[in-house]
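These notes concern the structure reproduced below.
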Amino acid sequence: MSASAEPAHYLTGGWSLRGWLLTLDHKRIAWLYAISITGFFFLGGIAALLIRLELLTPAGDLLSSEAYNRLFSLHGIVMVWFFLIPSIPATLGNFLLPMMVGARDMAFPRLNLLSWYIYTLGGLFTMVAVIAGGVDTGWTFYTPYSTLFANSAVLAAATGVFVVGFSSILTGINFIVTTHTMRVPGQTWLRLPLFVWANYATALIMVLATPVLSITLLLIALERTLGIGIFDPALGGDPLLFQHLFWFYSHPAVYIMILPAMGVISEIIACFSRNPVFGYTGMVLSIMAIALFGFLVWGHHMFVSGQSLYAGILFSLFSFLVAVPSAIKTLNWTATMFRGRIVYTAPMIYALSFLGLFVIGGLTGVFLASLAVDVHLHDTYFVTAHFHYIMVGGAVTAYLGGLHFWWPKLTGRLYPALWSKVAALALFIGFNLTFYPQFLLGYGGMPRRYHEYPEAFELLHVMSTLGTGVLAIGYLMPLVYLAWSLRYGERAPANPWHAKGLEWLAPSPPPVDNFVTTPTVTEAPYAYR
Amino acid sequence: MTEASAVNDPGIAFRTIPTAVSDYAGEVDKLYYALLGLSGLLIVILVALVVIFGWRYREDRSGERLPLLGKRTGHYVEIGFAVLLALLFLGIFAWGSQLYLALYGESRADMTINVVGKQWMWKIQHPDGTREINTLHVPAGETIRLRIISQDVIHSFSLPGLRLKRDAVPGQYTSAVFTPEKVGEYRLFCAEYCGTSHSRMRGKLVVLSSADYQAWLTRNGQGPGPVAAGRQLFESYGCSGCHQGKASVRAPGLDGVYGRTVPLADGRTVKADEAYLRDSIMLPQKHVVAGYAPIMPSFSGQIGEGEILQIVAYLKSLEPGEWQTDNSTGARP
């Protein structure tokens, strides 16, 4: 409270369990989230590793088909709902969004803590249901397999996902209200950092789309318990209705995963090019366009499903259109480097990796938007490769880039520069080795979710599995040296990268109330020159 | 099917572009090459720009920094790029859509083959009643329509050599049309995850010359054709008891029903197509014909999708008024 020169930062005092589990500080809650999602990430990663090991040989020899099917279901459920969706918003967003608008905390700190509890307890409950109950429906829970033919643990797992959905909604509400009401004087909407814009758009999607998933899961529960025919054709229901409702949420959810990543990349590239983001207004418009158009393309998951052909054509058209704003963003990131002063730090290497992987992911999405090509590629490894390029090559790479960029602010420590660059390169190489062969497998006809496969596909599967080893190194290295830096890392100054943005005005690590004096904003963001 | 059952894969090598079995497959490949060309070009431009900028503007280069592009120039670059890309995308969109309609929207065909998916096998019925499992024999040069349905969960009938895939959905017929040209053996998969042995629900597509196909049918042909089989089922399930002859005061007569517009008890009308006939057997309360009481029992769970396809084939073969001149309750002459 007093204006002492060195206010206590948010990590000092209170290493008690109570000081963490009952904290209302958005920065500590961000750490709670970070611990939860890291746990889930490595759980999902182990499942992925076992899947790839099984696919080393064409015969189903390492795992039984039941075990294989359960593992890819676990992998999908964990990675989508318990890692990717909360990843950037709940950790970096939670920590940085209030700081970037110059606020002392979120608008609703108690809601913020509640959403972590809902997320973590719901996630753990789901894990118990999935592992103990042997859920083997895939993360998509398609009916009627999930309602009639799979075992009853599906209902418990769906309940867990339903509960976790509320954590998304609460986080979304918090972000929206914080962005609207807590900006410091002078920070107009067009002076907001793109990271804030991206998280704001994400929050809108969370609040608007997640209830549809909740409703869908409730309908499944009603059908299973009361026998009301909604999705089951034997009761007069329609199994395609489930797919419509599921993708009405789950396609926008893809943008929940990638928009915050785009925000992170904008911050990093501007900082290490020492240039303002090229076409700031265009970036804001494309963020909002992606969030809006993202709601109109769900049917492109159903081109071969038996939905109306003309609906398919319309969804194809919208899918092409949603690619345009993403392309503009890519153009602008590249143009931001023009006449810059480029510094190759680890975050910048992650950002450039993101650029390459995201473009491959995005362009292969255009293949899949083309109806006749999608018919051939649908449910093959081409699709698997495509969305891993976006979700892992894009979102996870950006998450790691962001973590490296703001690590000094988060912890007050620096990490070893060389090791971090090696890790970033290992990720890029390992990722491409793992997933590039899957594009070739896909056009060659190899279907997804196959426990065993014809021998002709073996070579590319072996390459993909070998790549997984390199990729695993790329993920494990940061875990080691970042943990190491917490104790042994060099102390970080307030602004080690000479970056712009209000969060860099605060000391590292920030005081409990973030700023010693409330900052004001007098210029556009990214005033690097 | 048990775990131990053998899977019958065709002995063909991996090709990044699988052998195109139909002209349509070749057309899809052309679109694929166009997409590869376009995205390859965009990636090359992007990588070149990143490398050039990354080298030219790296931190340790000395010298004055040149000014950035003006705001207006920047807008022109952005808008020009967006418009150019959107136009290219619209072209590809139209191209892909046209092929899509040719694959799924076409209804003219020389013959229709029924495909029923169930955990975990594909059951196939040829027009003359010949049946096979997990292998599809087709004659080269003829246009073939697949009528696909599932008996349990969603499956997907995938023939990569034809660039064809169509979901098998319970309760709904889907279709796809193709004309195989190249004799040989190709892959057949279930592409939609359907449970434990999903990855064993695969087999092969065998394209034969027309003569070989006829010879194959003769060798393997067994049992009656679908119309005759459907007539037997129509009697053995007791359908004829209510729907045929004098009994048809309790239930509508079905001669010539296919293609007719049927008035319903709730005032709606519905066109009697294959889906309507199937629904009337499985979910009789869904469409109750005007003037009749809703007394028909559901056959859901008692009758297989393959049998329904045969009954539907029989009903489709009936001419309007065919039963009026036939006073017997039994078979047609």
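Residues in the structure tokens are numbered from 1 in each chain, the chains being A, B, ... in the order shown, and ligands are numbered from 1 in the order shown.
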
key: 12 Å contact set for stretch 517-522 of chain A, only C-alpha atoms, chain neighbours under 6 positions out, as a PyMOL selection string   = chain A and resi 1-5+7+99-104+182-193+500-507+511

Quick one: contact table of chain B to chain A, 7 Å max, nearest atom pair and distance in Å to one decimal per residue, counting only C-alpha atoms, chain and number order, as JSON lines?
{"residue": "B:Asp9", "atom": "CA", "partner": "A:Pro454", "partner_atom": "CA", "distance": 6.7}
{"residue": "B:Ala13", "atom": "CA", "partner": "A:Ala456", "partner_atom": "CA", "distance": 5.5}
{"residue": "B:Phe14", "atom": "CA", "partner": "A:Ala456", "partner_atom": "CA", "distance": 5.0}
{"residue": "B:Arg15", "atom": "CA", "partner": "A:Gly444", "partner_atom": "CA", "distance": 6.0}
{"residue": "B:Thr16", "atom": "CA", "partner": "A:Gly444", "partner_atom": "CA", "distance": 4.9}
{"residue": "B:Ile17", "atom": "CA", "partner": "A:Gly444", "partner_atom": "CA", "distance": 5.8}
{"residue": "B:Pro18", "atom": "CA", "partner": "A:Gly444", "partner_atom": "CA", "distance": 5.6}
{"residue": "B:Val28", "atom": "CA", "partner": "A:Val373", "partner_atom": "CA", "distance": 6.2}
{"residue": "B:Tyr32", "atom": "CA", "partner": "A:Val373", "partner_atom": "CA", "distance": 6.7}
{"residue": "B:Leu35", "atom": "CA", "partner": "A:Phe367", "partner_atom": "CA", "distance": 6.6}
{"residue": "B:Ser39", "atom": "CA", "partner": "A:Leu363", "partner_atom": "CA", "distance": 6.1}
{"residue": "B:Val50", "atom": "CA", "partner": "A:Thr334", "partner_atom": "CA", "distance": 6.4}
{"residue": "B:Phe53", "atom": "CA", "partner": "A:Phe338", "partner_atom": "CA", "distance": 5.9}
{"residue": "B:Gly54", "atom": "CA", "partner": "A:Ile342", "partner_atom": "CA", "distance": 6.6}
{"residue": "B:Tyr57", "atom": "CA", "partner": "A:Arg341", "partner_atom": "CA", "distance": 5.4}
{"residue": "B:Arg58", "atom": "CA", "partner": "A:Ile342", "partner_atom": "CA", "distance": 4.4}
{"residue": "B:Glu59", "atom": "CA", "partner": "A:Arg341", "partner_atom": "CA", "distance": 4.7}
{"residue": "B:Arg65", "atom": "CA", "partner": "A:Arg339", "partner_atom": "CA", "distance": 6.5}
{"residue": "B:Leu66", "atom": "CA", "partner": "A:Arg339", "partner_atom": "CA", "distance": 6.3}
{"residue": "B:Leu68", "atom": "CA", "partner": "A:Arg339", "partner_atom": "CA", "distance": 6.8}
{"residue": "B:Gly74", "atom": "CA", "partner": "A:Gly279", "partner_atom": "CA", "distance": 6.6}
{"residue": "B:Glu78", "atom": "CA", "partner": "A:Ile328", "partner_atom": "CA", "distance": 6.6}
{"residue": "B:Ala82", "atom": "CA", "partner": "A:Val324", "partner_atom": "CA", "distance": 6.3}
{"residue": "B:Ala86", "atom": "CA", "partner": "A:Val324", "partner_atom": "CA", "distance": 6.6}
{"residue": "B:Phe89", "atom": "CA", "partner": "A:Phe320", "partner_atom": "CA", "distance": 6.2}
{"residue": "B:Ile92", "atom": "CA", "partner": "A:Ser370", "partner_atom": "CA", "distance": 6.8}
{"residue": "B:Phe93", "atom": "CA", "partner": "A:Ser370", "partner_atom": "CA", "distance": 5.8}
{"residue": "B:Gly96", "atom": "CA", "partner": "A:Leu371", "partner_atom": "CA", "distance": 4.9}
{"residue": "B:Ser97", "atom": "CA", "partner": "A:Leu371", "partner_atom": "CA", "distance": 5.6}
{"residue": "B:Leu99", "atom": "CA", "partner": "A:Ala372", "partner_atom": "CA", "distance": 5.7}
{"residue": "B:Tyr100", "atom": "CA", "partner": "A:Ala372", "partner_atom": "CA", "distance": 4.8}
{"residue": "B:Val153", "atom": "CA", "partner": "A:Tyr145", "partner_atom": "CA", "distance": 5.3}
{"residue": "B:Pro160", "atom": "CA", "partner": "A:Gly445", "partner_atom": "CA", "distance": 5.3}
{"residue": "B:Arg163", "atom": "CA", "partner": "A:His376", "partner_atom": "CA", "distance": 4.7}
{"residue": "B:Leu164", "atom": "CA", "partner": "A:His376", "partner_atom": "CA", "distance": 5.8}
{"residue": "B:Lys165", "atom": "CA", "partner": "A:Val375", "partner_atom": "CA", "distance": 5.8}
{"residue": "B:Arg166", "atom": "CA", "partner": "A:Val304", "partner_atom": "CA", "distance": 5.2}
{"residue": "B:Asp167", "atom": "CA", "partner": "A:Ser305", "partner_atom": "CA", "distance": 5.0}
{"residue": "B:Pro170", "atom": "CA", "partner": "A:Pro233", "partner_atom": "CA", "distance": 6.5}
{"residue": "B:Gly171", "atom": "CA", "partner": "A:Pro233", "partner_atom": "CA", "distance": 5.6}
{"residue": "B:Thr174", "atom": "CA", "partner": "A:Gly306", "partner_atom": "CA", "distance": 6.0}
{"residue": "B:Ala191", "atom": "CA", "partner": "A:Pro447", "partner_atom": "CA", "distance": 5.4}
{"residue": "B:Glu192", "atom": "CA", "partner": "A:Asp379", "partner_atom": "CA", "distance": 6.6}
{"residue": "B:Tyr193", "atom": "CA", "partner": "A:Arg449", "partner_atom": "CA", "distance": 6.4}
{"residue": "B:Cys194", "atom": "CA", "partner": "A:Tyr145", "partner_atom": "CA", "distance": 6.9}
{"residue": "B:Thr196", "atom": "CA", "partner": "A:Glu66", "partner_atom": "CA", "distance": 5.6}
{"residue": "B:Ser197", "atom": "CA", "partner": "A:Ser65", "partner_atom": "CA", "distance": 6.7}
{"residue": "B:His198", "atom": "CA", "partner": "A:Tyr450", "partner_atom": "CA", "distance": 6.9}
{"residue": "B:Ser199", "atom": "CA", "partner": "A:Tyr450", "partner_atom": "CA", "distance": 4.7}
{"residue": "B:Leu283", "atom": "CA", "partner": "A:Gly236", "partner_atom": "CA", "distance": 6.8}
{"residue": "B:Ser300", "atom": "CA", "partner": "A:Ala234", "partner_atom": "CA", "distance": 6.6}

If we count only C-alpha atoms, what is near A:Tyr475 at a cut-off of 12 Å, once residues fewer than 3 positions away on the same chain are taken out, given as a JSON list (two decimals) with N, CA and C atoms, in the first residue's frame?
[["chain", "number", "residue", "atom", "x", "y", "z"],
["A", 38, "THR", "N", 0.02, -28.23, -17.90],
["A", 38, "THR", "CA", 1.25, -28.95, -18.19],
["A", 38, "THR", "C", 1.08, -30.43, -17.87],
["A", 41, "PHE", "N", -0.97, -31.88, -20.59],
["A", 41, "PHE", "CA", -0.22, -31.96, -21.85],
["A", 41, "PHE", "C", 0.67, -33.20, -21.88],
["A", 42, "PHE", "N", 1.36, -33.46, -20.79],
["A", 42, "PHE", "CA", 2.26, -34.61, -20.82],
["A", 42, "PHE", "C", 1.49, -35.92, -20.75],
["A", 45, "GLY", "N", 0.47, -36.39, -24.19],
["A", 45, "GLY", "CA", 1.68, -36.69, -24.96],
["A", 45, "GLY", "C", 2.09, -38.15, -24.83],
["A", 46, "ILE", "N", 1.97, -38.69, -23.62],
["A", 46, "ILE", "CA", 2.31, -40.11, -23.43],
["A", 46, "ILE", "C", 1.39, -40.98, -24.27],
["A", 392, "VAL", "N", -0.88, -28.02, -33.19],
["A", 392, "VAL", "CA", 0.40, -28.26, -32.51],
["A", 392, "VAL", "C", 1.48, -27.35, -33.10],
["A", 396, "VAL", "N", 0.56, -24.76, -30.18],
["A", 396, "VAL", "CA", 1.51, -25.15, -29.13],
["A", 396, "VAL", "C", 2.84, -24.42, -29.31],
["A", 397, "THR", "N", 3.28, -24.26, -30.57],
["A", 397, "THR", "CA", 4.52, -23.53, -30.82],
["A", 397, "THR", "C", 4.39, -22.08, -30.33],
["A", 399, "TYR", "N", 2.37, -21.04, -28.00],
["A", 399, "TYR", "CA", 2.32, -21.08, -26.54],
["A", 399, "TYR", "C", 3.75, -21.11, -25.97],
["A", 400, "LEU", "N", 4.60, -21.97, -26.55],
["A", 400, "LEU", "CA", 5.98, -22.04, -26.07],
["A", 400, "LEU", "C", 6.72, -20.73, -26.37],
["A", 401, "GLY", "N", 6.46, -20.16, -27.55],
["A", 401, "GLY", "CA", 7.08, -18.88, -27.88],
["A", 401, "GLY", "C", 6.69, -17.81, -26.88],
["A", 420, "SER", "N", 17.60, -22.76, -25.20],
["A", 420, "SER", "CA", 16.24, -22.46, -25.66],
["A", 420, "SER", "C", 16.17, -22.42, -27.18],
["A", 422, "VAL", "N", 18.12, -24.20, -29.20],
["A", 422, "VAL", "CA", 18.20, -25.60, -29.63],
["A", 422, "VAL", "C", 16.84, -26.27, -29.50],
["A", 423, "ALA", "N", 16.15, -25.99, -28.39],
["A", 423, "ALA", "CA", 14.83, -26.61, -28.18],
["A", 423, "ALA", "C", 13.85, -26.15, -29.26],
["A", 424, "ALA", "N", 13.89, -24.86, -29.59],
["A", 424, "ALA", "CA", 12.97, -24.34, -30.60],
["A", 424, "ALA", "C", 13.23, -25.00, -31.95],
["A", 425, "LEU", "N", 14.51, -25.21, -32.28],
["A", 425, "LEU", "CA", 14.83, -25.87, -33.56],
["A", 425, "LEU", "C", 14.43, -27.34, -33.53],
["A", 426, "ALA", "N", 14.65, -28.01, -32.39],
["A", 426, "ALA", "CA", 14.28, -29.43, -32.28],
["A", 426, "ALA", "C", 12.78, -29.58, -32.51],
["A", 427, "LEU", "N", 12.03, -28.64, -31.96],
["A", 427, "LEU", "CA", 10.58, -28.71, -32.14],
["A", 427, "LEU", "C", 10.22, -28.59, -33.61],
["A", 428, "PHE", "N", 10.82, -27.64, -34.30],
["A", 428, "PHE", "CA", 10.48, -27.41, -35.71],
["A", 428, "PHE", "C", 10.81, -28.64, -36.55],
["A", 430, "GLY", "N", 11.49, -31.83, -35.47],
["A", 430, "GLY", "CA", 10.74, -33.01, -35.03],
["A", 430, "GLY", "C", 9.29, -32.95, -35.48],
["A", 431, "PHE", "N", 8.73, -31.76, -35.43],
["A", 431, "PHE", "CA", 7.33, -31.63, -35.83],
["A", 431, "PHE", "C", 7.14, -31.99, -37.29],
["A", 468, "THR", "N", 8.49, -38.35, -33.91],
["A", 468, "THR", "CA", 7.90, -38.14, -32.59],
["A", 468, "THR", "C", 8.99, -38.08, -31.52],
["A", 469, "GLY", "N", 10.05, -38.89, -31.72],
["A", 469, "GLY", "CA", 11.15, -38.88, -30.75],
["A", 469, "GLY", "C", 11.81, -37.52, -30.68],
["A", 470, "VAL", "N", 12.09, -36.94, -31.84],
["A", 470, "VAL", "CA", 12.73, -35.61, -31.87],
["A", 470, "VAL", "C", 11.79, -34.56, -31.28],
["A", 471, "LEU", "N", 10.52, -34.68, -31.65],
["A", 471, "LEU", "CA", 9.53, -33.74, -31.14],
["A", 471, "LEU", "C", 9.45, -33.79, -29.61],
["A", 472, "ALA", "N", 9.50, -35.02, -29.07],
["A", 472, "ALA", "CA", 9.43, -35.18, -27.60],
["A", 472, "ALA", "C", 10.59, -34.44, -26.95],
["A", 478, "PRO", "N", 12.45, -27.60, -22.75],
["A", 478, "PRO", "CA", 12.01, -26.41, -22.02],
["A", 478, "PRO", "C", 11.55, -26.75, -20.61],
["A", 479, "LEU", "N", 10.91, -27.90, -20.45],
["A", 479, "LEU", "CA", 10.45, -28.29, -19.12],
["A", 479, "LEU", "C", 11.63, -28.31, -18.16],
["A", 480, "VAL", "N", 12.78, -28.81, -18.64],
["A", 480, "VAL", "CA", 13.96, -28.93, -17.78],
["A", 480, "VAL", "C", 14.62, -27.57, -17.53],
["A", 481, "TYR", "N", 14.95, -26.84, -18.63],
["A", 481, "TYR", "CA", 15.72, -25.62, -18.37],
["A", 481, "TYR", "C", 14.86, -24.49, -17.82],
["A", 482, "LEU", "N", 13.57, -24.49, -18.10],
["A", 482, "LEU", "CA", 12.73, -23.46, -17.49],
["A", 482, "LEU", "C", 12.59, -23.71, -15.99]]

request  = Name all residues at most 10 Å from A:Ala30 (count only C-alpha atoms; drop same-chain ones fewer than 2 positions away) and give them as a list in words.
outcome  =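 Near neighbours after the sequence-gap exclusion: Asp25, His26, Lys27, Arg28, Leu32, Tyr33, Ala34, Ile35, Ser36, Ile88, Pro89, Ala90, Thr91, Leu92, Gly93, Asn94, Phe95, Leu96, Asn112, Leu113, Trp116 and Leu410 of chain A.
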
task = Skip stretch 212-220 of chain B itself and residues of its chain fewer than 2 positions away, then list as a ChimeraX atom specification all residues within 12 Å of it, counting only C-alpha atoms.
result = /B:125-132,136-142,183-184,206-210,222-223,225

key: Pick from A:Val383, A:Leu114, A:Ala261, A:Ala157, whichever lies nearest to A:Leu21 using only C-alpha atoms   =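 Checking each candidate against A:Leu21, we get A:Leu114 as the closest.
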
query = Tell me, which residues of stretch 174-347 of chain A carry DSSP helix (DSSP H, G or I), written as a VMD selection string?
reply = chain A and resid 174 to 181 189 to 191 194 to 226 233 to 235 239 to 273 280 to 296 298 to 301 309 to 336 346 to 347

Hey, can you spit out that residue selection with C-alpha atoms as a compact mmCIF listing (two decimals), in the first residue's frame?
# COMPACT_ATOMS: atom_id res chain seq x y z
CA ASN A 174 -14.00 -12.25 -17.25
CA PHE A 175 -11.90 -11.37 -20.31
CA ILE A 176 -14.73 -9.51 -22.01
CA VAL A 177 -15.61 -7.42 -18.97
CA THR A 178 -11.96 -6.72 -18.14
CA THR A 179 -11.25 -5.53 -21.67
CA HIS A 180 -14.34 -3.35 -21.77
CA THR A 181 -14.16 -1.73 -18.37
CA TRP A 189 -9.72 0.19 -28.57
CA LEU A 190 -7.32 0.88 -31.43
CA ARG A 191 -4.43 1.21 -29.01
CA LEU A 194 -3.20 -7.50 -30.63
CA PHE A 195 -2.76 -10.09 -27.88
CA VAL A 196 -5.65 -8.43 -26.04
CA TRP A 197 -7.75 -8.26 -29.19
CA ALA A 198 -7.09 -11.93 -29.88
CA ASN A 199 -8.04 -12.99 -26.37
CA TYR A 200 -11.09 -10.75 -26.46
CA ALA A 201 -12.30 -12.38 -29.69
CA THR A 202 -11.56 -15.79 -28.18
CA ALA A 203 -13.60 -14.89 -25.13
CA LEU A 204 -16.55 -13.97 -27.34
CA ILE A 205 -16.39 -17.38 -29.00
CA MET A 206 -16.12 -19.12 -25.63
CA VAL A 207 -19.22 -17.39 -24.34
CA LEU A 208 -21.27 -17.89 -27.51
CA ALA A 209 -20.25 -21.39 -28.62
CA THR A 210 -19.63 -23.36 -25.42
CA PRO A 211 -23.32 -23.40 -24.37
CA VAL A 212 -24.13 -25.28 -27.59
CA LEU A 213 -21.70 -28.02 -26.59
CA SER A 214 -23.29 -28.11 -23.13
CA ILE A 215 -26.76 -28.44 -24.67
CA THR A 216 -25.56 -31.23 -26.96
CA LEU A 217 -24.07 -33.20 -24.09
CA LEU A 218 -27.30 -32.71 -22.11
CA LEU A 219 -29.31 -34.06 -25.04
CA ILE A 220 -27.10 -37.17 -25.09
CA ALA A 221 -27.74 -37.62 -21.39
CA LEU A 222 -31.50 -37.23 -21.92
CA GLU A 223 -31.47 -39.78 -24.71
CA ARG A 224 -29.48 -42.30 -22.71
CA THR A 225 -31.40 -41.95 -19.47
CA LEU A 226 -34.98 -41.24 -20.61
CA PRO A 233 -32.47 -43.40 -35.57
CA ALA A 234 -34.23 -46.37 -33.98
CA LEU A 235 -36.17 -43.87 -31.83
CA PRO A 239 -27.43 -39.02 -35.90
CA LEU A 240 -26.37 -36.18 -38.21
CA LEU A 241 -28.06 -33.69 -35.88
CA PHE A 242 -25.42 -34.57 -33.32
CA GLN A 243 -22.65 -33.78 -35.80
CA HIS A 244 -24.25 -30.44 -36.63
CA LEU A 245 -24.50 -29.44 -32.97
CA PHE A 246 -21.08 -30.85 -32.07
CA TRP A 247 -19.27 -28.99 -34.86
CA PHE A 248 -21.26 -25.83 -34.29
CA TYR A 249 -19.21 -25.68 -31.10
CA SER A 250 -16.11 -27.56 -32.08
CA HIS A 251 -15.28 -25.67 -35.22
CA PRO A 252 -15.33 -22.27 -33.48
CA ALA A 253 -13.32 -24.06 -30.77
CA VAL A 254 -10.54 -24.40 -33.33
CA TYR A 255 -10.41 -20.61 -33.37
CA ILE A 256 -10.46 -20.56 -29.57
CA MET A 257 -7.18 -22.47 -29.90
CA ILE A 258 -5.54 -20.51 -32.72
CA LEU A 259 -6.61 -16.88 -32.18
CA PRO A 260 -4.67 -16.40 -28.92
CA ALA A 261 -1.69 -17.99 -30.66
CA MET A 262 -1.97 -15.36 -33.39
CA GLY A 263 -1.98 -12.69 -30.68
CA VAL A 264 1.22 -14.04 -29.16
CA ILE A 265 2.97 -14.15 -32.54
CA SER A 266 2.05 -10.53 -33.31
CA GLU A 267 3.68 -9.39 -30.06
CA ILE A 268 6.86 -11.43 -30.59
CA ILE A 269 7.46 -10.55 -34.25
CA ALA A 270 6.91 -6.82 -33.64
CA CYS A 271 9.28 -6.82 -30.66
CA PHE A 272 12.13 -8.69 -32.34
CA SER A 273 11.77 -6.87 -35.66
CA TYR A 280 -2.59 -2.97 -37.27
CA THR A 281 -6.17 -2.16 -38.31
CA GLY A 282 -6.17 -4.99 -40.83
CA MET A 283 -4.98 -7.33 -38.06
CA VAL A 284 -7.82 -6.27 -35.77
CA LEU A 285 -10.39 -6.65 -38.52
CA SER A 286 -9.11 -10.07 -39.49
CA ILE A 287 -9.20 -11.26 -35.87
CA MET A 288 -12.85 -10.26 -35.63
CA ALA A 289 -13.62 -11.65 -39.12
CA ILE A 290 -12.12 -15.01 -38.16
CA ALA A 291 -14.16 -15.08 -34.95
CA LEU A 292 -17.36 -14.29 -36.88
CA PHE A 293 -16.84 -16.50 -39.95
CA GLY A 294 -15.67 -19.29 -37.69
CA PHE A 295 -19.32 -19.79 -36.77
CA LEU A 296 -20.40 -20.38 -40.37
CA TRP A 298 -19.04 -26.15 -39.18
CA GLY A 299 -20.59 -28.19 -42.01
CA HIS A 300 -17.21 -28.67 -43.68
CA HIS A 301 -16.68 -31.52 -41.24
CA LEU A 309 -25.24 -31.38 -51.15
CA TYR A 310 -26.15 -27.71 -51.42
CA ALA A 311 -25.44 -27.16 -47.73
CA GLY A 312 -22.07 -28.74 -48.43
CA ILE A 313 -21.43 -26.26 -51.24
CA LEU A 314 -22.31 -23.29 -49.03
CA PHE A 315 -20.07 -24.53 -46.22
CA SER A 316 -17.27 -24.98 -48.73
CA LEU A 317 -17.66 -21.38 -49.90
CA PHE A 318 -17.53 -20.01 -46.34
CA SER A 319 -14.51 -22.18 -45.58
CA PHE A 320 -12.62 -20.59 -48.47
CA LEU A 321 -13.63 -17.13 -47.27
CA VAL A 322 -12.46 -17.72 -43.69
CA ALA A 323 -9.02 -18.53 -45.09
CA VAL A 324 -8.62 -14.98 -46.44
CA PRO A 325 -8.28 -13.12 -43.11
CA SER A 326 -5.78 -15.76 -41.92
CA ALA A 327 -3.78 -15.17 -45.11
CA ILE A 328 -3.80 -11.40 -44.49
CA LYS A 329 -2.40 -11.98 -41.02
CA THR A 330 0.41 -14.09 -42.45
CA LEU A 331 1.19 -11.40 -44.99
CA ASN A 332 1.28 -8.77 -42.25
CA TRP A 333 3.57 -10.77 -39.97
CA THR A 334 6.00 -11.18 -42.84
CA ALA A 335 5.75 -7.51 -43.78
CA THR A 336 6.42 -6.54 -40.15
CA ALA A 346 14.29 -18.13 -28.77
CA PRO A 347 10.82 -16.51 -28.87

message = Can you measure atom CA of B:Gly267 to atom CA of B:Val288 for me? One decimal in Å is fine.
response = 10.0 Å

request  = Write out as a ChimeraX atom specification the residues lying within 12 Å of A:Val161, counting only C-alpha atoms and excluding same-chain residues fewer than 3 positions away.
outcome  = /A:77-78,80-82,85,118-127,129-130,139-141,154-158,164-168,210-211,213-218

Residues as selected, C-alpha atoms, written as a short mmCIF file (atom, residue, chain, number, x, y, z; two decimals), in the first residue's frame, can you do that?
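The result, written out as again_33.cif:
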data_model
loop_
_atom_site.label_atom_id
_atom_site.label_comp_id
_atom_site.auth_asym_id
_atom_site.auth_seq_id
_atom_site.Cartn_x
_atom_site.Cartn_y
_atom_site.Cartn_z
CA ILE A 77 -10.08 -35.49 -25.21
CA VAL A 78 -7.13 -34.33 -23.10
CA VAL A 80 -8.46 -30.54 -27.10
CA TRP A 81 -10.40 -29.81 -23.94
CA PHE A 82 -7.85 -29.83 -21.18
CA ILE A 85 -8.62 -24.67 -25.28
CA ILE A 118 -14.11 -26.10 -12.19
CA TYR A 119 -11.55 -26.79 -14.88
CA THR A 120 -9.18 -28.83 -12.76
CA LEU A 121 -11.74 -30.86 -10.85
CA GLY A 122 -13.85 -31.42 -13.99
CA GLY A 123 -10.73 -32.42 -15.91
CA LEU A 124 -9.62 -34.90 -13.26
CA PHE A 125 -13.12 -36.35 -13.05
CA THR A 126 -13.16 -36.81 -16.83
CA MET A 127 -9.76 -38.50 -16.73
CA ALA A 129 -14.06 -41.69 -16.27
CA VAL A 130 -12.04 -42.06 -19.47
CA TRP A 139 -12.95 -37.03 -28.73
CA THR A 140 -15.86 -36.43 -31.11
CA PHE A 141 -18.37 -38.73 -29.33
CA VAL A 154 -19.19 -42.18 -21.95
CA LEU A 155 -21.93 -40.46 -20.01
CA ALA A 156 -19.56 -39.72 -17.12
CA ALA A 157 -16.89 -38.42 -19.49
CA ALA A 158 -19.42 -36.22 -21.26
CA VAL A 164 -15.29 -27.98 -17.79
CA GLY A 165 -17.24 -26.01 -20.40
CA PHE A 166 -18.42 -23.68 -17.62
CA SER A 167 -14.83 -22.82 -16.80
CA SER A 168 -14.42 -21.65 -20.42
CA THR A 210 -19.63 -23.36 -25.42
CA PRO A 211 -23.32 -23.40 -24.37
CA LEU A 213 -21.70 -28.02 -26.59
CA SER A 214 -23.29 -28.11 -23.13
CA ILE A 215 -26.76 -28.44 -24.67
CA THR A 216 -25.56 -31.23 -26.96
CA LEU A 217 -24.07 -33.20 -24.09
CA LEU A 218 -27.30 -32.71 -22.11
#

Contacts of stretch 276-279 of chain B within 12 Å, only C-alpha atoms, excl. fewer than 3 positions in-chain, as number ranges by chain = A: 233-237; B: 149, 170-173, 254, 257-262, 269-273, 282-289, 298-300, 303-316

message = To one decimal place in Å, what is the distance between atom CA of B:Pro263 and atom CA of A:Ile230?
response =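 Separating atom CA of B:Pro263 from atom CA of A:Ile230 is a distance of 25.6 Å.
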
Stretch 192-274 of chain B: residues DSSP assigns to strand (DSSP E), reported as a VMD selection string = chain B and resid 203 to 208 261 to 263 269 to 271

request  = Figure out the distance between atom CA of A:Ser353 and atom CA of B:Ser62, please, to one decimal in Å.
outcome  =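 Computing the Euclidean distance for atom CA of B:Ser62 and atom CA of A:Ser353 yields 26.2 Å.
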